[in-house]
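Trainee: What follows is a structure written as structure tokens; I'll ask about it next.
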Amino acid sequence: MRSVTDAAAPTTSYIRGDLVSSTFVLTPTADGKGTRVVGDVHCDPRGSVSTWIVNFFQKDWPRSTLRSLRTQVAKTNIVENPAIRRLVGASDERDSPPPH
């Protein structure tokens with residue numbers, strides 16, 4: 001993910017932050033029964049709040065985000081999005097070794 005400038009964005013009096021970079025890597029556990037999630041987000045919220053204050057209040061962001069993710073994946077009423085399946089399937093095909 002990255003920040004973009006979009007003319008369609010509504011004009012507000014709020015300061016929009018910048019997302020410098022964001023990466024999430026999901027890999028299966030060795031036993032195949034879980035997923036390891038590693039997330040790295042580097043952003044600048046901008047505005048007049050000091051960086052140390054932002055960091056102080058954001059220190060729980062990773063834990064709360066992953067807890068929320070765990071809650072979402074445990075839901076039984078989630079319907080698979082075919083567009084996502086196509087993307088994942090295409091990725092699986094690219095990552096697999098060629099047939100012999």
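Each chain in the structure tokens gets a letter, A, B, ..., in the order shown, and its residues are numbered from 1; ligands are numbered from 1 in order too.
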From range 24-72 of chain A, collect each residue whose DSSP state is strand (DSSP E) and return the set as a VMD selection string.

Mentor: chain A and resid 24 to 28 35 to 44

Trainee: Those residues you just picked out, can you put them in a file as a short mmCIF file (atom, residue, chain, number, x, y, z; two decimals), in the first residue's frame with N, CA and C atoms?

Mentor:
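Written output follows (part_12.cif):
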```cif
data_model
loop_
_atom_site.label_atom_id
_atom_site.label_comp_id
_atom_site.auth_asym_id
_atom_site.auth_seq_id
_atom_site.Cartn_x
_atom_site.Cartn_y
_atom_site.Cartn_z
N PHE A 24 2.58 -6.67 4.52
CA PHE A 24 2.08 -7.76 5.35
C PHE A 24 2.47 -9.06 4.66
N VAL A 25 3.13 -9.94 5.39
CA VAL A 25 3.55 -11.23 4.85
C VAL A 25 2.86 -12.32 5.66
N LEU A 26 2.11 -13.17 4.96
CA LEU A 26 1.42 -14.29 5.59
C LEU A 26 2.06 -15.58 5.10
N THR A 27 2.50 -16.42 6.04
CA THR A 27 3.10 -17.69 5.66
C THR A 27 2.49 -18.79 6.52
N PRO A 28 2.31 -19.99 5.94
CA PRO A 28 1.74 -21.08 6.73
C PRO A 28 2.74 -21.56 7.78
N THR A 35 -1.27 -19.66 10.48
CA THR A 35 -0.63 -18.70 9.59
C THR A 35 0.19 -17.73 10.43
N ARG A 36 1.41 -17.50 10.02
CA ARG A 36 2.25 -16.50 10.67
C ARG A 36 2.05 -15.20 9.91
N VAL A 37 1.77 -14.14 10.64
CA VAL A 37 1.52 -12.83 10.04
C VAL A 37 2.58 -11.86 10.54
N VAL A 38 3.26 -11.24 9.59
CA VAL A 38 4.24 -10.21 9.92
C VAL A 38 3.81 -8.94 9.19
N GLY A 39 3.65 -7.87 9.95
CA GLY A 39 3.23 -6.61 9.36
C GLY A 39 4.22 -5.51 9.66
N ASP A 40 4.45 -4.66 8.68
CA ASP A 40 5.35 -3.54 8.84
C ASP A 40 4.69 -2.33 8.19
N VAL A 41 4.42 -1.31 8.99
CA VAL A 41 3.77 -0.11 8.47
C VAL A 41 4.61 1.10 8.89
N HIS A 42 4.97 1.92 7.92
CA HIS A 42 5.71 3.14 8.19
C HIS A 42 4.87 4.29 7.65
N CYS A 43 4.36 5.11 8.57
CA CYS A 43 3.51 6.22 8.14
C CYS A 43 3.86 7.49 8.90
N ASP A 44 3.43 8.58 8.33
CA ASP A 44 3.59 9.89 8.96
C ASP A 44 2.20 10.49 9.06
#
```

Trainee: Tell me, as a PDB file with N, CA and C atoms, in the first residue's frame, which residues lie within 12 Å of Arg46 in chain A, counting only C-alpha atoms; anything in the same chain fewer than 2 positions away does not count.

Mentor:
```pdb
ATOM      1  N   TYR A  14      -9.343  18.369   7.598  1.00  0.00           N
ATOM      2  CA  TYR A  14      -8.432  17.446   8.265  1.00  0.00           C
ATOM      3  C   TYR A  14      -7.109  17.355   7.513  1.00  0.00           C
ATOM      4  N   ILE A  15      -6.058  17.059   8.245  1.00  0.00           N
ATOM      5  CA  ILE A  15      -4.752  16.829   7.642  1.00  0.00           C
ATOM      6  C   ILE A  15      -4.665  15.350   7.299  1.00  0.00           C
ATOM      7  N   ARG A  16      -4.350  15.049   6.068  1.00  0.00           N
ATOM      8  CA  ARG A  16      -4.202  13.654   5.643  1.00  0.00           C
ATOM      9  C   ARG A  16      -2.749  13.239   5.825  1.00  0.00           C
ATOM     10  N   GLY A  17      -2.569  12.098   6.471  1.00  0.00           N
ATOM     11  CA  GLY A  17      -1.222  11.584   6.686  1.00  0.00           C
ATOM     12  C   GLY A  17      -0.676  10.921   5.442  1.00  0.00           C
ATOM     13  N   ASP A  18       0.574  10.526   5.521  1.00  0.00           N
ATOM     14  CA  ASP A  18       1.235   9.834   4.421  1.00  0.00           C
ATOM     15  C   ASP A  18       1.575   8.420   4.851  1.00  0.00           C
ATOM     16  N   LEU A  19       1.256   7.469   4.003  1.00  0.00           N
ATOM     17  CA  LEU A  19       1.684   6.094   4.202  1.00  0.00           C
ATOM     18  C   LEU A  19       2.966   5.934   3.408  1.00  0.00           C
ATOM     19  N   VAL A  20       4.079   5.795   4.101  1.00  0.00           N
ATOM     20  CA  VAL A  20       5.375   5.700   3.446  1.00  0.00           C
ATOM     21  C   VAL A  20       5.530   4.313   2.831  1.00  0.00           C
ATOM     22  N   CYS A  43       4.361   5.107   8.571  1.00  0.00           N
ATOM     23  CA  CYS A  43       3.514   6.219   8.139  1.00  0.00           C
ATOM     24  C   CYS A  43       3.864   7.487   8.902  1.00  0.00           C
ATOM     25  N   ASP A  44       3.431   8.579   8.334  1.00  0.00           N
ATOM     26  CA  ASP A  44       3.592   9.889   8.955  1.00  0.00           C
ATOM     27  C   ASP A  44       2.204  10.489   9.064  1.00  0.00           C
ATOM     28  N   SER A  48       0.245  18.549  13.875  1.00  0.00           N
ATOM     29  CA  SER A  48       1.065  19.208  14.892  1.00  0.00           C
ATOM     30  C   SER A  48       1.334  18.336  16.114  1.00  0.00           C
ATOM     31  N   VAL A  49       0.928  17.082  16.097  1.00  0.00           N
ATOM     32  CA  VAL A  49       1.172  16.199  17.233  1.00  0.00           C
ATOM     33  C   VAL A  49       2.600  15.670  17.151  1.00  0.00           C
ATOM     34  N   SER A  50       3.313  15.728  18.251  1.00  0.00           N
ATOM     35  CA  SER A  50       4.700  15.264  18.287  1.00  0.00           C
ATOM     36  C   SER A  50       4.784  13.772  17.993  1.00  0.00           C
ATOM     37  N   THR A  51       5.869  13.385  17.334  1.00  0.00           N
ATOM     38  CA  THR A  51       6.074  11.988  16.957  1.00  0.00           C
ATOM     39  C   THR A  51       6.031  11.067  18.168  1.00  0.00           C
ATOM     40  N   VAL A  54       2.449  10.321  19.132  1.00  0.00           N
ATOM     41  CA  VAL A  54       1.842   9.394  18.176  1.00  0.00           C
ATOM     42  C   VAL A  54       2.328   7.980  18.462  1.00  0.00           C
TER      43      VAL A  54
END
```

Trainee: CA of Leu69 in chain A and CA of Leu87 in chain A, how far apart in Å?

Mentor: 20.1 Å

Trainee: Check the smallest atom-to-atom distance from each of A:Val4, A:Trp61, A:Ser68, A:Asn55 to Ser21 in chain A using only C-alpha atoms, then report the winner.

Mentor: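 Closest to Ser21 in chain A of all the choices is A:Val4.
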
Trainee: List every residue of chain A that DSSP, applied to the backbone of this structure, places in alpha helix (DSSP H), and write the result as a PyMOL selection string.

Mentor: chain A and resi 51-58+61-73+82-95

Trainee: Excluding Val73 in chain A and its own-chain neighbours fewer than 6 positions away, which residues fall within 12 Å of it when counting only C-alpha atoms? Please give them as a PyMOL selection string.

Mentor: chain A and resi 34-35+66-67+79-80

Trainee: Report the distance between CA of Thr23 in chain A and CA of Thr76 in chain A in Å, rounded to one decimal place.

Mentor: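 These atoms are spaced 26.9 Å apart.
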